[in-house]
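See below for input37.tsv, which holds TSV, C-alpha atoms.
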chain	number	residue	atom	x	y	z
A	1	MET	CA	-14.20	-26.27	24.62
A	2	ASN	CA	-15.56	-28.78	22.13
A	3	LEU	CA	-18.78	-26.83	21.90
A	4	ARG	CA	-16.76	-23.72	21.14
A	5	LEU	CA	-14.84	-25.49	18.39
A	6	ALA	CA	-18.06	-26.90	16.92
A	7	LEU	CA	-19.64	-23.45	16.89
A	8	PHE	CA	-16.54	-21.98	15.27
A	9	THR	CA	-16.39	-24.72	12.63
A	10	ALA	CA	-20.04	-24.22	11.69
A	11	GLY	CA	-19.60	-20.45	11.49
A	12	ALA	CA	-16.29	-20.64	9.65
A	13	LEU	CA	-17.66	-23.05	7.05
A	14	GLY	CA	-20.58	-20.71	6.46
A	15	LEU	CA	-18.27	-17.70	6.19
A	16	ALA	CA	-15.96	-19.62	3.83
A	17	ALA	CA	-18.92	-20.56	1.65
A	18	VAL	CA	-20.10	-16.93	1.46
A	19	MET	CA	-16.58	-15.72	0.64
A	20	ALA	CA	-16.09	-18.43	-2.02
A	21	ALA	CA	-19.42	-17.50	-3.62
A	22	GLY	CA	-18.43	-13.82	-3.61
A	23	MET	CA	-15.01	-14.58	-5.03
A	24	ARG	CA	-16.49	-16.36	-8.06
A	25	ARG	CA	-18.08	-13.08	-9.13
A	26	LEU	CA	-14.85	-11.09	-8.73
A	27	GLU	CA	-12.70	-10.39	-11.73
A	28	PRO	CA	-9.32	-12.16	-11.70
A	29	ILE	CA	-6.31	-10.39	-10.22
A	30	GLY	CA	-4.67	-7.83	-12.49
A	31	SER	CA	-7.80	-6.56	-14.25
A	32	TYR	CA	-7.88	-3.30	-12.36
A	33	HIS	CA	-10.25	-0.59	-13.57
A	34	GLY	CA	-10.15	2.00	-10.76
A	35	ALA	CA	-10.10	5.60	-11.92
A	36	TYR	CA	-8.46	7.42	-9.01
A	37	GLY	CA	-5.24	5.39	-9.03
A	38	GLU	CA	-4.72	6.04	-12.74
A	39	VAL	CA	-5.34	9.76	-12.35
A	40	LEU	CA	-2.99	10.07	-9.38
A	41	ASN	CA	-0.23	8.09	-11.09
A	42	ALA	CA	-0.52	10.42	-14.07
A	43	VAL	CA	-0.56	13.76	-12.23
A	44	ALA	CA	1.26	13.32	-8.89
A	45	VAL	CA	4.82	13.71	-10.19
A	46	GLY	CA	3.98	16.75	-12.27
A	47	GLU	CA	1.71	18.45	-9.73
A	48	ARG	CA	3.63	17.78	-6.52
A	49	ASN	CA	7.19	16.88	-7.62
A	50	SER	CA	6.85	13.75	-5.49
A	51	THR	CA	8.18	10.66	-7.24
A	52	ASP	CA	6.61	8.36	-4.63
A	53	VAL	CA	2.90	8.55	-5.43
A	54	VAL	CA	1.97	6.64	-2.26
A	55	SER	CA	3.56	9.41	-0.16
A	56	ALA	CA	1.84	12.05	-2.27
A	57	VAL	CA	-1.50	10.37	-1.54
A	58	ASN	CA	-0.79	9.98	2.16
A	59	PHE	CA	0.63	13.39	2.92
A	60	ASP	CA	-1.01	15.59	0.32
A	61	TYR	CA	-4.09	14.35	-1.53
A	62	ARG	CA	-5.49	12.74	1.60
A	63	GLY	CA	-3.28	14.48	4.16
A	64	LEU	CA	-6.20	15.05	6.51
A	65	ASP	CA	-6.72	11.28	6.85
A	66	THR	CA	-3.07	10.88	7.77
A	67	LEU	CA	-3.54	13.52	10.47
A	68	GLY	CA	-6.23	11.25	11.91
A	69	GLU	CA	-3.92	8.25	11.51
A	70	GLU	CA	-1.17	10.00	13.43
A	71	TYR	CA	-3.56	10.86	16.24
A	72	ILE	CA	-4.74	7.24	16.44
A	73	LEU	CA	-1.11	6.37	17.19
A	74	PHE	CA	-0.78	9.29	19.62
A	75	THR	CA	-3.93	8.28	21.52
A	76	SER	CA	-2.87	4.64	21.65
A	77	VAL	CA	0.54	5.54	23.12
A	78	LEU	CA	-1.24	7.62	25.77
A	79	ALA	CA	-3.63	4.75	26.48
A	80	VAL	CA	-0.83	2.20	26.87
A	81	ALA	CA	1.02	4.55	29.22
A	82	ALA	CA	-2.21	4.97	31.21
A	83	ILE	CA	-2.90	1.22	31.39
A	84	LEU	CA	0.67	0.39	32.43
A	85	ARG	CA	1.18	3.34	34.78
A	86	LYS	CA	2.33	2.74	38.31
A	87	GLN	CA	-0.52	1.47	40.47
A	88	LYS	CA	-0.98	2.35	44.12
A	89	ASP	CA	-0.23	-1.14	45.36
A	90	GLU	CA	2.93	-1.47	43.31
A	91	HIS	CA	6.37	-0.82	44.68
A	92	ASP	CA	9.62	-0.28	42.89
A	93	GLU	CA	11.75	-3.35	43.04
A	94	ALA	CA	15.05	-2.82	44.82
A	95	PRO	CA	17.75	-2.51	42.12
A	96	ASP	CA	19.64	-5.61	43.24
A	97	GLN	CA	16.53	-7.78	43.21
A	98	PHE	CA	16.09	-7.44	39.47
A	99	ARG	CA	18.71	-9.59	37.84
A	100	GLU	CA	19.31	-9.43	34.15
A	101	VAL	CA	20.91	-12.10	32.06
A	102	PRO	CA	23.95	-10.41	30.50
A	103	ALA	CA	24.06	-10.37	26.72
A	104	SER	CA	26.78	-12.36	25.02
A	105	ASP	CA	29.76	-10.63	23.42
A	106	ALA	CA	28.47	-11.56	19.98
A	107	VAL	CA	25.12	-9.81	20.59
A	108	ARG	CA	26.84	-6.71	21.95
A	109	LEU	CA	29.25	-6.53	19.02
A	110	LEU	CA	26.37	-6.87	16.57
A	111	GLY	CA	24.51	-4.13	18.44
A	112	VAL	CA	27.44	-1.71	18.23
A	113	GLY	CA	27.45	-2.22	14.46
A	114	LEU	CA	23.66	-2.03	14.13
A	115	VAL	CA	23.05	1.22	16.02
A	116	PRO	CA	24.73	3.69	13.61
A	117	VAL	CA	23.42	1.90	10.51
A	118	THR	CA	19.87	1.89	11.88
A	119	VAL	CA	20.02	5.60	12.82
A	120	VAL	CA	21.19	6.57	9.32
A	121	PHE	CA	18.65	4.28	7.64
A	122	GLY	CA	15.80	5.67	9.74
A	123	LEU	CA	16.74	9.28	8.98
A	124	TYR	CA	17.10	8.42	5.28
A	125	LEU	CA	13.64	6.82	5.17
A	126	ILE	CA	12.03	9.80	6.93
A	127	SER	CA	13.67	12.45	4.78
A	128	HIS	CA	13.20	10.68	1.43
A	129	GLY	CA	9.53	9.75	1.83
A	130	ALA	CA	8.58	11.86	-1.18
A	131	VAL	CA	11.27	10.32	-3.38
A	132	SER	CA	11.36	6.59	-2.75
A	133	PRO	CA	9.37	4.07	-0.70
A	134	GLY	CA	9.40	5.07	2.93
A	135	GLY	CA	8.35	8.10	4.92
A	136	GLY	CA	7.71	9.27	8.44
A	137	PHE	CA	5.88	6.20	9.70
A	138	GLN	CA	8.37	3.67	8.36
A	139	GLY	CA	11.47	5.70	9.25
A	140	GLY	CA	10.09	6.55	12.68
A	141	VAL	CA	9.65	2.88	13.54
A	142	VAL	CA	13.18	2.13	12.30
A	143	LEU	CA	14.56	4.94	14.48
A	144	ALA	CA	12.60	3.67	17.49
A	145	SER	CA	14.22	0.26	17.06
A	146	VAL	CA	17.60	1.79	17.98
A	147	PRO	CA	16.84	1.86	21.74
A	148	LEU	CA	15.51	-1.68	21.30
A	149	VAL	CA	18.94	-2.78	20.04
A	150	VAL	CA	20.45	-1.07	23.10
A	151	TYR	CA	17.98	-3.01	25.25
A	152	LEU	CA	19.13	-6.29	23.72
A	153	CYS	CA	22.80	-5.46	24.20
A	154	ALA	CA	22.92	-3.59	27.49
A	155	GLY	CA	19.74	-4.58	29.32
A	156	ALA	CA	16.61	-2.85	30.54
A	157	LYS	CA	18.25	-0.38	32.95
A	158	THR	CA	20.48	1.10	30.26
A	159	PHE	CA	17.57	1.14	27.82
A	160	LEU	CA	15.51	3.29	30.17
A	161	ARG	CA	18.39	5.74	30.59
A	162	ILE	CA	19.06	6.13	26.85
A	163	PRO	CA	16.01	8.16	25.77
A	164	PRO	CA	15.37	10.82	28.39
A	165	PRO	CA	11.64	10.36	29.19
A	166	ALA	CA	10.98	14.09	28.96
A	167	LEU	CA	12.57	14.21	25.51
A	168	ALA	CA	10.48	11.28	24.24
A	169	LYS	CA	7.28	12.89	25.52
A	170	ALA	CA	8.24	16.28	24.06
A	171	GLY	CA	9.14	14.63	20.75
A	172	GLU	CA	5.83	12.84	20.51
A	173	SER	CA	3.80	15.95	21.33
A	174	SER	CA	5.77	18.32	19.12
A	175	GLY	CA	5.66	15.85	16.24
A	176	ALA	CA	1.90	15.57	16.51
A	177	ALA	CA	1.51	19.35	16.84
A	178	GLY	CA	3.97	19.93	14.00
A	179	TYR	CA	1.68	18.17	11.53
A	180	VAL	CA	-1.13	20.61	12.37
A	181	LEU	CA	1.27	23.57	12.18
A	182	VAL	CA	2.53	22.55	8.72
A	183	GLY	CA	-1.11	22.17	7.74
A	184	CYS	CA	-1.78	25.73	8.98
A	185	LEU	CA	0.82	27.06	6.53
A	186	GLY	CA	-1.85	26.54	3.89
A	187	ILE	CA	-4.30	28.72	5.82
A	188	LEU	CA	-1.63	31.42	6.37
A	189	ALA	CA	-1.04	31.47	2.60
A	190	GLY	CA	-4.75	32.07	2.09
A	191	LYS	CA	-5.47	28.56	0.86
A	192	ALA	CA	-6.89	25.39	2.38
A	193	PHE	CA	-5.66	23.55	5.48
A	194	LEU	CA	-2.83	21.12	4.54
A	195	GLU	CA	-2.61	22.56	1.04
A	196	ASN	CA	0.87	22.17	-0.43
A	197	VAL	CA	2.04	25.81	-0.41
A	198	LEU	CA	5.82	25.41	0.00
A	199	PRO	CA	8.29	25.51	-2.93
A	200	LEU	CA	8.10	22.12	-4.64
A	201	GLY	CA	11.81	21.73	-5.42
A	202	ARG	CA	13.08	19.25	-7.98
A	203	PRO	CA	11.43	15.81	-8.38
A	204	GLY	CA	13.71	13.13	-6.99
A	205	GLY	CA	15.82	15.61	-5.02
A	206	ALA	CA	16.18	15.63	-1.24
A	207	TRP	CA	14.22	18.91	-1.23
A	208	SER	CA	11.12	18.02	-3.18
A	209	ALA	CA	7.36	17.92	-2.88
A	210	GLY	CA	7.02	20.94	-0.53
A	211	THR	CA	4.97	20.19	2.58
A	212	ILE	CA	5.16	16.41	2.00
A	213	LEU	CA	8.80	16.53	3.17
A	214	PHE	CA	7.96	18.49	6.32
A	215	LEU	CA	4.90	16.41	7.16
A	216	ASN	CA	7.12	13.33	6.88
A	217	LEU	CA	9.63	14.93	9.26
A	218	THR	CA	6.95	15.70	11.88
A	219	VAL	CA	5.44	12.23	11.55
A	220	GLY	CA	8.89	10.68	11.82
A	221	VAL	CA	9.59	12.52	15.09
A	222	ALA	CA	6.14	11.67	16.48
A	223	VAL	CA	6.32	7.98	15.52
A	224	ALA	CA	9.89	7.48	16.74
A	225	ALA	CA	9.17	9.18	20.07
A	226	GLY	CA	5.79	7.44	20.37
A	227	PHE	CA	7.25	3.98	19.89
A	228	VAL	CA	10.08	4.72	22.34
A	229	GLU	CA	7.36	5.73	24.82
A	230	LEU	CA	5.52	2.46	24.15
A	231	LEU	CA	8.66	0.36	24.64
A	232	SER	CA	9.59	2.27	27.80
A	233	SER	CA	6.11	1.72	29.25
A	234	PHE	CA	6.41	-2.05	28.78
A	235	VAL	CA	9.99	-2.24	30.07
A	236	GLU	CA	9.22	-0.10	33.13
A	237	LYS	CA	6.28	-2.34	33.89
A	238	ALA	CA	8.47	-5.44	33.63
A	239	LEU	CA	11.01	-3.89	36.02
A	240	LYS	CA	8.35	-3.11	38.62
A	241	ARG	CA	7.00	-6.60	39.09
B	1	MET	CA	-8.79	-19.93	-11.20
B	2	THR	CA	-5.21	-18.85	-10.38
B	3	GLY	CA	-6.43	-15.31	-10.97
B	4	HIS	CA	-8.40	-15.59	-7.75
B	5	LEU	CA	-5.62	-17.05	-5.59
B	6	PRO	CA	-4.79	-13.80	-3.72
B	7	TYR	CA	-8.46	-13.46	-2.71
B	8	ALA	CA	-8.41	-17.06	-1.51
B	9	LEU	CA	-5.22	-16.33	0.45
B	10	ALA	CA	-6.94	-13.38	2.17
B	11	ALA	CA	-9.89	-15.63	3.09
B	12	TRP	CA	-7.47	-18.33	4.30
B	13	LEU	CA	-5.59	-15.89	6.57
B	14	LEU	CA	-8.87	-14.50	7.91
B	15	LEU	CA	-10.27	-17.93	8.79
B	16	TRP	CA	-7.10	-19.29	10.41
B	17	GLY	CA	-6.59	-16.05	12.34
B	18	LEU	CA	-10.16	-16.39	13.56
B	19	TYR	CA	-9.53	-20.04	14.49
B	20	GLY	CA	-6.52	-18.95	16.53
B	21	VAL	CA	-8.49	-16.24	18.33
B	22	VAL	CA	-11.33	-18.65	19.14
B	23	THR	CA	-9.19	-21.52	20.43
B	24	SER	CA	-6.35	-19.52	22.01
B	25	LYS	CA	-5.23	-20.48	25.51
B	26	ASN	CA	-2.83	-17.57	25.92
B	27	LEU	CA	-3.57	-13.87	25.59
B	28	ILE	CA	-0.25	-13.08	23.86
B	29	HIS	CA	-0.93	-15.86	21.34
B	30	LEU	CA	-4.43	-14.43	20.88
B	31	VAL	CA	-3.04	-10.98	20.03
B	32	ILE	CA	-0.68	-12.49	17.44
B	33	CYS	CA	-3.60	-14.43	15.91
B	34	LEU	CA	-5.53	-11.18	15.65
B	35	ALA	CA	-2.56	-9.62	13.84
B	36	ILE	CA	-2.55	-12.57	11.38
B	37	LEU	CA	-6.30	-12.14	10.93
B	38	GLN	CA	-5.80	-8.48	10.11
B	39	SER	CA	-2.99	-9.20	7.67
B	40	SER	CA	-5.65	-10.72	5.39
B	41	THR	CA	-6.82	-7.14	4.74
B	42	TYR	CA	-3.33	-6.23	3.44
B	43	VAL	CA	-3.45	-9.07	0.92
B	44	LEU	CA	-6.96	-8.10	-0.15
B	45	LEU	CA	-6.12	-4.39	-0.57
B	46	LEU	CA	-2.98	-5.09	-2.60
B	47	ALA	CA	-4.82	-7.66	-4.72
B	48	ILE	CA	-7.57	-5.18	-5.56
B	49	GLY	CA	-5.10	-2.51	-6.67
B	50	TYR	CA	-2.93	-4.79	-8.80
B	51	LYS	CA	-2.87	-4.28	-12.53
B	52	ALA	CA	-1.32	-6.88	-14.82
B	53	GLY	CA	2.17	-5.89	-15.93
B	54	ALA	CA	2.26	-2.78	-13.74
B	55	VAL	CA	5.01	-1.82	-11.31
B	56	ALA	CA	5.12	-0.02	-7.93
B	57	PRO	CA	3.87	3.60	-8.10
B	58	VAL	CA	7.31	5.10	-7.48
B	59	TYR	CA	8.60	7.18	-10.38
B	60	ALA	CA	12.08	7.86	-8.98
B	61	ASP	CA	13.75	5.72	-11.65
B	62	MET	CA	11.18	5.22	-14.37
B	63	PRO	CA	9.72	7.51	-17.03
B	64	PRO	CA	6.37	9.24	-16.39
B	65	GLY	CA	3.47	7.29	-17.80
B	66	THR	CA	4.84	3.85	-16.91
B	67	PRO	CA	1.84	1.70	-15.88
B	68	ALA	CA	1.80	1.44	-12.09
B	69	VAL	CA	-0.54	-0.19	-9.59
B	70	ASP	CA	-3.13	1.82	-7.63
B	71	PRO	CA	-1.37	4.04	-5.03
B	72	VAL	CA	-4.61	4.70	-3.13
B	73	VAL	CA	-5.00	1.15	-1.79
B	74	GLN	CA	-1.30	1.10	-0.93
B	75	ALA	CA	-1.74	4.28	1.11
B	76	LEU	CA	-4.79	2.71	2.75
B	77	MET	CA	-2.73	-0.35	3.62
B	78	LEU	CA	-0.20	1.88	5.35
B	79	THR	CA	-3.02	3.26	7.51
B	80	ASP	CA	-4.08	-0.34	8.13
B	81	ILE	CA	-0.60	-1.24	9.40
B	82	VAL	CA	-0.53	1.75	11.76
B	83	VAL	CA	-3.94	0.80	13.12
B	84	GLU	CA	-2.79	-2.80	13.61
B	85	ALA	CA	0.33	-1.66	15.47
B	86	THR	CA	-1.75	0.48	17.83
B	87	VAL	CA	-4.32	-2.26	18.41
B	88	VAL	CA	-1.58	-4.81	19.16
B	89	ALA	CA	0.16	-2.40	21.55
B	90	LEU	CA	-3.08	-1.69	23.42
B	91	LEU	CA	-4.05	-5.36	23.66
B	92	LEU	CA	-0.57	-6.37	24.85
B	93	ALA	CA	-0.77	-3.71	27.56
B	94	LEU	CA	-4.15	-5.11	28.60
B	95	ALA	CA	-2.68	-8.64	28.60
B	96	VAL	CA	0.14	-7.48	30.90
B	97	GLN	CA	-2.40	-5.94	33.25
B	98	ALA	CA	-4.68	-9.01	33.10
B	99	HIS	CA	-1.73	-11.23	34.00
B	100	GLU	CA	-0.86	-8.96	36.89
B	101	ARG	CA	-4.40	-8.88	38.30
B	102	GLY	CA	-5.50	-12.40	37.40
B	103	GLY	CA	-2.24	-14.29	37.67
B	104	SER	CA	-2.81	-16.05	34.36
B	105	LEU	CA	-2.70	-15.45	30.62
B	106	ASP	CA	-5.32	-18.11	29.88
B	107	PRO	CA	-8.57	-16.37	28.88
B	108	ALA	CA	-10.59	-19.32	30.24
B	109	GLU	CA	-9.10	-18.91	33.70
B	110	LEU	CA	-9.46	-15.15	33.69
B	111	ALA	CA	-13.15	-15.43	32.91
B	112	SER	CA	-13.80	-17.04	36.28
B	113	LEU	CA	-12.09	-14.23	38.18
B	114	LYS	CA	-13.88	-11.24	39.61
B	115	GLY	CA	-13.13	-7.56	38.91

Using structure tokens, write down the structure that the file contains.
Amino acid sequence: MNLRLALFTAGALGLAAVMAAGMRRLEPIGSYHGAYGEVLNAVAVGERNSTDVVSAVNFDYRGLDTLGEEYILFTSVLAVAAILRKQKDEHDEAPDQFREVPASDAVRLLGVGLVPVTVVFGLYLISHGAVSPGGGFQGGVVLASVPLVVYLCAGAKTFLRIPPPALAKAGESSGAAGYVLVGCLGILAGKAFLENVLPLGRPGGAWSAGTILFLNLTVGVAVAAGFVELLSSFVEKALKR
Amino acid sequence: MTGHLPYALAAWLLLWGLYGVVTSKNLIHLVICLAILQSSTYVLLLAIGYKAGAVAPVYADMPPGTPAVDPVVQALMLTDIVVEATVVALLLALAVQAHERGGSLDPAELASLKG
């Protein structure tokens, strides 16, 4: 253990020295000269009617990268489900053997208030990704936290009954497929894959930025369902032991 | 020198995250240390894209042409967060399985176990 710490200290000091030497050559914070950011900030609102330039970058200018990003998440959810799947030597615990500590009244009351607010906030974030900070990834995670609140208030058994497993799986798959289908609209219109071919609407409006809105919707469904799948995998595993 | 503080913060997070990973005695703790380590990349990306006096690149309530920070590194950081979430989920699943098979969350004890 001491040898490990000594090795780490030696390596870390060396790394710190290299980083400090590199930092001295860097320009101070705030003196940004990049070209692409300036160009995008100047053209994104006019070209795509998206007032959130970060969303325009993610879902339009480099929409193909975000497709890869979504499939990283998709693959990871599959992998977690595969790692935590029921093993041959496992047996389902008899229902009465698994005892849960009941949540206090205060937690349950807070949960009842939190659930509707969280649902609305998640849907708002997903649907207004092109307008204000947010989007499918952020809103999807917020939506997926709703079953988590239920888990805190009502326990694991209720949590597993809330999102029907088939629906979560279907949501994840259709969300992931939906991104590709929206991308194919560009091909159908005789242009490039993922090209923004839908009516652009009014900047700042709920309907704005064409395909960016619909890509956010598909990502929101995929992320929400994917995270519910993740949570269910962990909770099911905990119930089985 | 204060102009370099965010870079120093990124280096600081990286080194302490690494320290936690190296000395960790619990796999869950190790995964959290890895997440801290990776958060240094968020600081670095945002620091690179920052422009003095500029605001967030969201034009919902400001006139076109207002100086804003680089949206490209912000979009990259979003990808970074998604990757971190997936890595953490995968590693936690592996930790659950390691605990089940090995009966311990201490990496030192698991190393002496077979298969």

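Residue neighbourhood of Leu185 in chain A, excluding near-sequence residues (fewer than 2 positions): Val180, Leu181, Val182, Gly183, Ile187, Leu188, Ala189, Gly190, Lys191, Ala192, Phe193, Leu194, Glu195, Asn196, Val197, Leu198 and Thr211 of chain A, at 10 Å, using only C-alpha atoms.
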
Interface list for chain B, partner chain A, 9 Å threshold, all atoms listed in the file, as a ChimeraX atom specification: /B:1-8,11-12,15,18-19,22-23,47-54,57-61,64-76,78-79,82-83,85-87,89-94,96-97,100

Atom-to-atom span, CA of Lys240 in chain A and CA of Arg85 in chain A, Å: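 These atoms are spaced 10.4 Å apart.
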
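CA of Ala224 in chain A is positioned 22.7 Å from CA of Arg108 in chain A.
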
Within 9 Å of Leu14 in chain B using all atoms listed in the file, minus same-chain residues under 3 positions, as number ranges by chain: B: 9-11, 17-19, 36-41

Interatomic distance (Å, one decimal) between CA of Ser174 in chain A and CA of Ala222 in chain A: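 About the pair CA of Ser174 in chain A and CA of Ala222 in chain A: they are 7.2 Å apart.
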